[in-house]
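K.L.:
What follows is the file model_35.cif, containing mmCIF, C-alpha atoms:
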```cif
data_target
#
loop_
_atom_site.label_atom_id
_atom_site.label_comp_id
_atom_site.auth_asym_id
_atom_site.auth_seq_id
_atom_site.Cartn_x
_atom_site.Cartn_y
_atom_site.Cartn_z
CA MET A 1 -13.49 -7.13 3.09
CA ALA A 2 -16.08 -5.96 0.56
CA ALA A 3 -18.56 -8.59 -0.60
CA THR A 4 -17.48 -8.30 -4.23
CA THR A 5 -13.87 -9.22 -3.38
CA ALA A 6 -14.66 -12.57 -1.74
CA ASN A 7 -14.17 -14.60 -4.93
CA PHE A 8 -11.75 -12.25 -6.67
CA ASP A 9 -8.32 -13.73 -7.37
CA VAL A 10 -6.22 -10.74 -6.35
CA GLN A 11 -2.95 -12.69 -6.49
CA GLY A 12 -3.74 -13.82 -10.02
CA PHE A 13 -4.70 -10.27 -10.98
CA LEU A 14 -1.45 -8.86 -9.57
CA ALA A 15 0.64 -11.58 -11.23
CA SER A 16 -0.91 -11.12 -14.67
CA ARG A 17 -0.79 -7.32 -14.54
CA SER A 18 2.76 -7.37 -13.20
CA GLU A 19 3.85 -9.58 -16.08
CA ALA A 20 2.16 -7.32 -18.62
CA VAL A 21 3.67 -4.19 -17.03
CA ASN A 22 7.15 -5.75 -17.01
CA ARG A 23 6.88 -6.58 -20.71
CA ALA A 24 5.78 -3.04 -21.48
CA LEU A 25 8.51 -1.47 -19.33
CA ASP A 26 11.11 -3.58 -21.11
CA ARG A 27 9.89 -2.14 -24.42
CA PHE A 28 9.71 1.44 -23.13
CA LEU A 29 13.20 1.55 -21.59
CA PRO A 30 16.48 1.87 -23.52
CA SER A 31 18.45 -1.34 -23.92
CA VAL A 32 21.43 -2.00 -21.64
CA ARG A 33 23.47 -1.87 -24.85
CA ALA A 34 22.54 1.79 -25.41
CA ARG A 35 25.45 4.09 -24.62
CA PRO A 36 26.45 4.68 -21.91
CA PRO A 37 25.42 1.21 -20.75
CA THR A 38 25.99 1.79 -17.02
CA ILE A 39 23.12 4.25 -16.64
CA HIS A 40 20.68 1.96 -18.44
CA LYS A 41 21.80 -1.02 -16.35
CA ALA A 42 21.22 1.06 -13.21
CA MET A 43 17.76 2.15 -14.37
CA ARG A 44 16.76 -1.42 -15.13
CA TYR A 45 18.35 -2.78 -11.95
CA SER A 46 15.91 -0.91 -9.71
CA LEU A 47 12.94 -0.99 -12.07
CA PHE A 48 13.07 -4.78 -12.37
CA ALA A 49 14.08 -5.50 -8.77
CA GLY A 50 10.82 -7.32 -8.13
CA GLY A 51 8.22 -4.93 -6.68
CA LYS A 52 4.51 -5.80 -6.55
CA ARG A 53 3.66 -3.20 -9.25
CA MET A 54 0.85 -1.96 -7.02
CA ARG A 55 0.59 1.47 -8.61
CA PRO A 56 0.39 0.14 -12.18
CA ALA A 57 -2.10 -2.49 -11.00
CA LEU A 58 -4.29 0.21 -9.48
CA CYS A 59 -4.06 2.23 -12.69
CA LEU A 60 -5.10 -0.75 -14.81
CA ALA A 61 -7.84 -1.74 -12.35
CA ALA A 62 -9.28 1.80 -12.44
CA ALA A 63 -9.34 1.71 -16.24
CA GLN A 64 -11.13 -1.65 -16.09
CA ALA A 65 -13.71 -0.29 -13.61
CA CYS A 66 -14.46 2.53 -16.06
CA GLY A 67 -14.84 0.18 -19.02
CA GLY A 68 -11.48 1.01 -20.57
CA GLU A 69 -8.87 -1.10 -22.33
CA GLN A 70 -5.65 -2.23 -20.68
CA ALA A 71 -3.63 -1.19 -23.72
CA ASP A 72 -4.80 2.42 -23.40
CA ALA A 73 -3.87 2.59 -19.71
CA MET A 74 -0.55 0.73 -19.97
CA PRO A 75 1.73 3.68 -20.89
CA LEU A 76 0.34 5.63 -17.95
CA ALA A 77 0.73 2.65 -15.62
CA CYS A 78 4.36 2.29 -16.69
CA ALA A 79 5.00 6.02 -16.32
CA VAL A 80 3.76 5.93 -12.73
CA GLU A 81 6.00 2.95 -11.95
CA CYS A 82 9.04 4.79 -13.35
CA ILE A 83 8.31 7.75 -11.09
CA HIS A 84 7.78 5.48 -8.09
CA THR A 85 11.07 3.67 -8.74
CA TYR A 86 12.99 6.93 -9.19
CA SER A 87 11.65 8.12 -5.83
CA LEU A 88 12.83 4.91 -4.15
CA ILE A 89 16.34 5.19 -5.63
CA HIS A 90 16.65 8.75 -4.32
CA ASP A 91 14.95 7.90 -1.02
CA ASP A 92 17.60 5.24 -0.31
CA LEU A 93 20.57 7.55 -0.89
CA PRO A 94 22.92 8.38 2.03
CA ALA A 95 21.74 12.01 1.88
CA MET A 96 18.15 10.84 2.41
CA ASP A 97 17.22 7.60 4.24
CA ASN A 98 20.64 5.95 3.76
CA ASP A 99 19.30 2.43 3.24
CA ASP A 100 21.28 -0.61 2.11
CA PHE A 101 18.43 -2.84 0.92
CA ARG A 102 15.34 -2.44 -1.21
CA ARG A 103 13.06 -5.31 -2.32
CA GLY A 104 15.55 -7.74 -0.79
CA LYS A 105 18.48 -6.53 -2.89
CA PRO A 106 21.28 -4.01 -2.35
CA THR A 107 20.06 -0.49 -3.10
CA ASN A 108 21.05 1.18 -6.34
CA HIS A 109 23.81 3.33 -4.88
CA LYS A 110 25.34 0.27 -3.20
CA VAL A 111 25.70 -1.39 -6.59
CA PHE A 112 26.43 1.52 -8.94
CA GLY A 113 27.65 4.31 -6.64
CA GLU A 114 25.87 7.45 -5.53
CA GLY A 115 26.46 9.47 -8.69
CA ILE A 116 25.00 6.88 -11.05
CA ALA A 117 22.12 6.25 -8.62
CA VAL A 118 21.18 9.95 -8.71
CA LEU A 119 21.33 9.92 -12.50
CA ALA A 120 19.36 6.67 -12.76
CA GLY A 121 16.58 8.26 -10.71
CA ASP A 122 16.69 11.41 -12.83
CA ALA A 123 16.55 9.33 -16.00
CA LEU A 124 13.54 7.30 -14.83
CA LEU A 125 11.69 10.47 -13.87
CA THR A 126 12.19 12.07 -17.27
CA ARG A 127 11.54 8.80 -19.12
CA ALA A 128 8.18 8.59 -17.36
CA PHE A 129 6.89 11.60 -19.29
CA GLU A 130 8.15 10.19 -22.60
CA ILE A 131 6.25 6.99 -21.87
CA ALA A 132 3.06 8.76 -20.74
CA VAL A 133 2.51 10.48 -24.09
CA GLN A 134 2.77 7.22 -26.03
CA GLY A 135 -0.77 6.26 -25.12
CA ARG A 136 -3.93 7.48 -26.83
CA PRO A 137 -5.65 10.63 -25.59
CA ALA A 138 -9.30 10.22 -24.57
CA ALA A 139 -12.23 12.36 -25.68
CA ARG A 140 -12.43 14.11 -22.29
CA TYR A 141 -8.72 14.01 -21.43
CA SER A 142 -5.87 15.12 -23.67
CA HIS A 143 -2.20 14.22 -23.39
CA ARG A 144 -1.80 17.61 -21.73
CA ASP A 145 -4.29 16.62 -19.01
CA MET A 146 -2.52 13.34 -18.35
CA VAL A 147 1.00 14.80 -18.28
CA LEU A 148 -0.20 17.60 -16.00
CA GLU A 149 -1.70 15.01 -13.67
CA LEU A 150 1.61 13.14 -13.51
CA ALA A 151 3.69 16.30 -13.10
CA ARG A 152 1.58 17.68 -10.27
CA ALA A 153 1.58 14.39 -8.34
CA SER A 154 5.36 14.07 -8.56
CA GLY A 155 6.28 17.74 -8.05
CA SER A 156 7.23 20.04 -5.19
CA LEU A 157 3.65 20.37 -3.92
CA GLU A 158 3.01 16.62 -3.66
CA LEU A 159 5.56 13.74 -3.79
CA ILE A 160 8.64 15.93 -3.33
CA ALA A 161 6.84 18.05 -0.73
CA GLY A 162 6.25 14.91 1.31
CA GLN A 163 9.87 13.82 1.03
CA ALA A 164 11.15 17.29 1.97
CA ALA A 165 8.82 17.53 4.98
CA ASP A 166 9.83 14.01 6.01
CA LEU A 167 13.52 14.94 5.94
CA GLU A 168 12.92 18.09 7.96
CA ALA A 169 10.90 16.15 10.55
CA GLU A 170 13.64 13.58 11.25
CA GLY A 171 14.63 13.57 14.89
CA LYS A 172 11.88 16.04 15.79
CA LYS A 173 8.63 15.56 17.65
CA ILE A 174 5.79 16.33 15.23
CA SER A 175 2.02 16.18 15.53
CA ALA A 176 -0.35 13.70 13.90
CA PRO A 177 -1.62 16.39 11.45
CA GLN A 178 1.96 17.13 10.41
CA LEU A 179 2.59 13.43 9.84
CA LYS A 180 -0.62 13.19 7.82
CA PHE A 181 0.65 16.04 5.60
CA ILE A 182 3.81 14.02 4.91
CA HIS A 183 1.94 10.81 4.12
CA GLU A 184 -0.66 12.56 1.96
CA ARG A 185 2.11 13.80 -0.28
CA LYS A 186 4.91 11.27 -0.01
CA THR A 187 2.68 8.23 -0.60
CA SER A 188 -0.99 9.04 -1.21
CA ALA A 189 -0.38 11.52 -4.05
CA LEU A 190 1.11 8.98 -6.46
CA LEU A 191 -1.41 6.26 -5.61
CA ARG A 192 -4.23 8.75 -6.17
CA CYS A 193 -2.60 9.79 -9.44
CA SER A 194 -2.41 6.13 -10.52
CA VAL A 195 -6.15 5.50 -10.27
CA ARG A 196 -7.03 8.91 -11.73
CA LEU A 197 -4.84 8.24 -14.76
CA GLY A 198 -6.47 4.84 -15.20
CA GLY A 199 -9.89 6.46 -15.22
CA MET A 200 -8.75 9.21 -17.58
CA SER A 201 -7.39 6.64 -20.04
CA ALA A 202 -10.90 5.12 -20.10
CA ASN A 203 -12.56 8.52 -20.70
CA CYS A 204 -14.38 8.32 -17.38
CA SER A 205 -17.04 10.79 -16.31
CA ALA A 206 -16.32 13.60 -13.84
CA ALA A 207 -18.30 11.75 -11.16
CA ARG A 208 -16.27 8.59 -11.61
CA LEU A 209 -13.01 10.55 -11.60
CA ALA A 210 -14.05 12.15 -8.30
CA ALA A 211 -14.81 8.70 -6.87
CA LEU A 212 -11.42 7.40 -7.99
CA THR A 213 -9.77 10.45 -6.43
CA GLU A 214 -11.43 9.75 -3.08
CA PHE A 215 -10.53 6.08 -3.31
CA GLY A 216 -6.91 6.79 -4.20
CA TYR A 217 -6.47 9.37 -1.46
CA ASN A 218 -7.76 7.05 1.28
CA ILE A 219 -6.04 3.90 0.08
CA GLY A 220 -2.79 5.85 -0.29
CA LEU A 221 -2.92 7.02 3.31
CA ALA A 222 -3.85 3.53 4.50
CA PHE A 223 -0.91 2.10 2.53
CA GLN A 224 1.56 4.36 4.34
CA VAL A 225 0.04 3.79 7.79
CA ILE A 226 0.41 0.05 7.21
CA ASP A 227 3.98 0.59 5.98
CA ASP A 228 4.72 2.33 9.28
CA ILE A 229 3.18 -0.59 11.19
CA LEU A 230 5.18 -3.18 9.26
CA ASP A 231 8.44 -1.34 9.96
CA VAL A 232 7.74 -1.98 13.65
CA THR A 233 6.31 -5.51 13.46
CA GLN A 234 8.26 -7.27 10.69
CA THR A 235 11.86 -8.34 10.16
CA THR A 236 14.30 -7.15 7.51
CA LYS A 237 14.01 -10.54 5.76
CA GLN A 238 10.21 -10.32 5.68
CA LEU A 239 10.17 -6.75 4.40
CA GLY A 240 13.00 -6.97 1.89
CA LYS A 241 14.33 -3.69 3.31
CA THR A 242 15.85 -2.65 6.62
CA ALA A 243 13.29 -3.13 9.39
CA GLY A 244 13.19 -0.77 12.36
CA LYS A 245 14.95 1.93 10.37
CA ASP A 246 12.30 4.56 11.11
CA ALA A 247 12.66 4.16 14.87
CA ALA A 248 16.44 4.03 14.66
CA VAL A 249 16.62 7.50 13.06
CA HIS A 250 13.73 8.84 15.17
CA LYS A 251 11.50 9.25 12.13
CA ALA A 252 7.89 10.19 12.81
CA THR A 253 5.48 7.31 12.16
CA TYR A 254 1.90 6.57 13.10
CA PRO A 255 2.83 3.88 15.68
CA ALA A 256 5.32 6.30 17.28
CA ILE A 257 2.77 9.10 17.53
CA VAL A 258 -0.58 7.39 18.17
CA GLY A 259 0.39 3.81 19.07
CA LEU A 260 0.19 0.50 17.21
CA GLU A 261 -3.45 -0.42 17.81
CA LYS A 262 -4.77 3.05 16.97
CA SER A 263 -2.64 2.97 13.81
CA ARG A 264 -4.32 -0.29 12.78
CA ASN A 265 -7.75 1.28 13.41
CA ILE A 266 -6.84 4.32 11.31
CA ALA A 267 -5.79 2.02 8.44
CA ARG A 268 -9.13 0.18 8.65
CA GLN A 269 -11.12 3.42 8.69
CA LEU A 270 -9.25 4.76 5.67
CA THR A 271 -9.82 1.52 3.78
CA ASP A 272 -13.55 1.61 4.63
CA LYS A 273 -13.71 5.12 3.15
CA ALA A 274 -11.91 3.88 0.05
CA PHE A 275 -14.46 1.07 -0.37
CA ALA A 276 -17.35 3.51 0.10
CA ALA A 277 -16.04 5.72 -2.70
CA LEU A 278 -16.37 2.83 -5.16
CA LYS A 279 -20.14 2.40 -4.74
CA ILE A 280 -20.69 4.50 -7.86
CA PHE A 281 -19.25 1.64 -9.94
CA LYS A 282 -22.08 -0.72 -8.86
CA GLY A 283 -19.91 -3.84 -8.50
CA ARG A 284 -17.68 -3.18 -11.52
CA ALA A 285 -14.69 -2.18 -9.36
CA ALA A 286 -14.01 -5.61 -7.87
CA ALA A 287 -10.32 -5.40 -8.80
CA LEU A 288 -9.90 -2.06 -7.02
CA GLU A 289 -11.72 -3.37 -3.95
CA ALA A 290 -9.58 -6.52 -3.89
CA LEU A 291 -6.39 -4.49 -4.19
CA ALA A 292 -7.50 -2.25 -1.32
CA ASP A 293 -8.20 -5.31 0.82
CA PHE A 294 -4.82 -6.77 -0.14
CA LEU A 295 -3.07 -3.57 0.97
CA LEU A 296 -4.82 -3.64 4.34
CA THR A 297 -3.92 -7.25 5.11
CA ARG A 298 -0.40 -7.40 3.60
CA ASP A 299 2.55 -8.39 5.77
CA LYS A 300 5.39 -6.85 3.73
#
```
Could I get this structure in the form of structure tokens?

P.N.:
Amino acid sequence: MAATTANFDVQGFLASRSEAVNRALDRFLPSVRARPPTIHKAMRYSLFAGGKRMRPALCLAAAQACGGEQADAMPLACAVECIHTYSLIHDDLPAMDNDDFRRGKPTNHKVFGEGIAVLAGDALLTRAFEIAVQGRPAARYSHRDMVLELARASGSLELIAGQAADLEAEGKKISAPQLKFIHERKTSALLRCSVRLGGMSANCSAARLAALTEFGYNIGLAFQVIDDILDVTQTTKQLGKTAGKDAAVHKATYPAIVGLEKSRNIARQLTDKAFAALKIFKGRAAALEALADFLLTRDK
């Protein structure tokens, strides 16, 4: 744990930011009364299913570290959460991971059917870009820069690349570098995008944006390594999703390839690198450091 996080109330930070993000998302999304109501109910079902809002929190914390205002970062934080939620809806589909539970509730396709679940994911993805341009551009970063950042992170070279490579690797023996490629794109890309967008909303310098990029990359990889560990060590009730699913379908994970203890060491090393990247902020990134520490020590 970094020294500056010792007295930081990370649970309070997450709770307050989650509440603010939920209020904003409620404003940004169509009402359940908008026709056709089923698709808007499905979108809201997964979006408000109770996640920790870690990506929006990282976005808002990055803006804070760069001296920005929460209001300027909020549309970008909400856009990232819409993309994250869309990816989960599609990830849970029978054609992908075929999961029955997410965040302790039946997955979207279990409630609304596969067709509506596909459309709900599509709708959240496209809505994300509508939301992103509702914020103010910064002096150094235009709306074009921000939308491009979001599009690249969620496209076929990053988020979707990771998902595609993950699908193709199922049931096969792959190397640690191949698994790293999957995790870099499937998980790290959007977390890195979250902190970069937060910095951009605050008109951060190039040096600070580079530091946020390094932080986001390392914390994103650590997040996924820990997710792999939890799938092995926790129960379905603890996780809020089906435990042991990765092993059951012979999916490549860090514990499966390098072992549990080495996986824990890798997560610690990645988190240390993430902390080191924040030195440029000279103690003003306490929220980012606390969130990184929270991710390392989480149990679900």

K.L.:
Show me, as a PyMOL selection string, the residues that have an atom within 10 Å of region 137-144 of chain A when counting all atoms listed in the file, minus same-chain residues fewer than 4 positions from it.

P.N.:
chain A and resi 72+132-133+148-150+197+199-206

K.L.:
What's the separation between CA of Ser194 (chain A) and CA of Leu58 (chain A), in Å to one decimal place?

P.N.:
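So the two atoms, CA of Ser194 (chain A) and CA of Leu58 (chain A), lie 6.3 Å apart.
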
K.L.:
Starting from the displayed file, determine the output of the PyMOL selection byres ((chain A and resi 127) around 9) and express the residue list as a ChimeraX atom specification.

P.N.:
/A:28-29,79,82-83,122-126,128-132

K.L.:
A:Leu291, A:Ile39, A:Ile266, A:Ile219: which is nearest Ala61 (chain A), counting all atoms listed in the file?

P.N.:
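Once distances to Ala61 (chain A) are computed over all atoms listed in the file, the minimum belongs to A:Leu291.
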
K.L.:
Between A:Cys193, A:Ala252, A:Ile116, A:Ala151, which residue has the minimum interatomic distance to Lys173 (chain A), considering all atoms listed in the file?

P.N.:
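Under the stated criterion, the closest residue is A:Ala252.
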
K.L.:
Considering all atoms listed in the file, state which residue in the set A:Leu212, A:Glu170, A:Val232, A:Tyr45 is at the smallest distance from Cys66 (chain A).

P.N.:
A:Leu212

K.L.:
To one decimal in Å, tell me the separation between CA of Val195 (chain A) and CA of Ala176 (chain A).

P.N.:
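Value for the CA of Val195 (chain A)-CA of Ala176 (chain A) distance: 26.2 Å.
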
K.L.:
Might you pull out every residue within 10 Å of Phe48 (chain A), with only C-alpha atoms counted and same-chain residues fewer than 4 positions away left off, and present them as a list of chain:residue names?

P.N.:
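Here the qualifying residues turn out to be A:Asn22, A:Leu25, A:Asp26, A:Met43, A:Arg44, A:Thr85.
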
K.L.:
One number please: CA of Pro56 (chain A) to CA of Val80 (chain A), in Å, one decimal.

P.N.:
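A separation of 6.7 Å between them.
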
K.L.:
Which one is closest to Gly51 (chain A): A:Glu261, A:Asp272, A:Asp166, A:Glu81? Count only C-alpha atoms.

P.N.:
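Of the candidates, the smallest distance to Gly51 (chain A) is held by A:Glu81.
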
K.L.:
Taking (9.9, 13.1, 3.7) in the file's coordinates, which residues come within 9 Å, counting only C-alpha atoms, written as a VMD selection string?

P.N.:
chain A and resid 91 96 159 to 170 182 to 183 185 to 186

K.L.:
Just say which residues the PyMOL selection byres ((chain A and resi 280) around 12) picks in this file, as a list in words.

P.N.:
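On the file shown, the PyMOL selection byres ((chain A and resi 280) around 12) covers Ala65, Cys66, Ser205, Ala206, Ala207, Arg208, Leu209, Ala210, Ala211, Leu212, Glu214, Phe215, Ala274, Phe275, Ala276, Ala277, Leu278, Lys279, Phe281, Lys282, Gly283, Arg284 and Ala285 of chain A.
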
K.L.:
List, as an MDAnalysis selection string, every residue that the PyMOL selection byres ((chain A and resi 229) around 8) selects in the file provided.

P.N.:
chainID A and resid 225:228 230:233 254:255 260 263:264
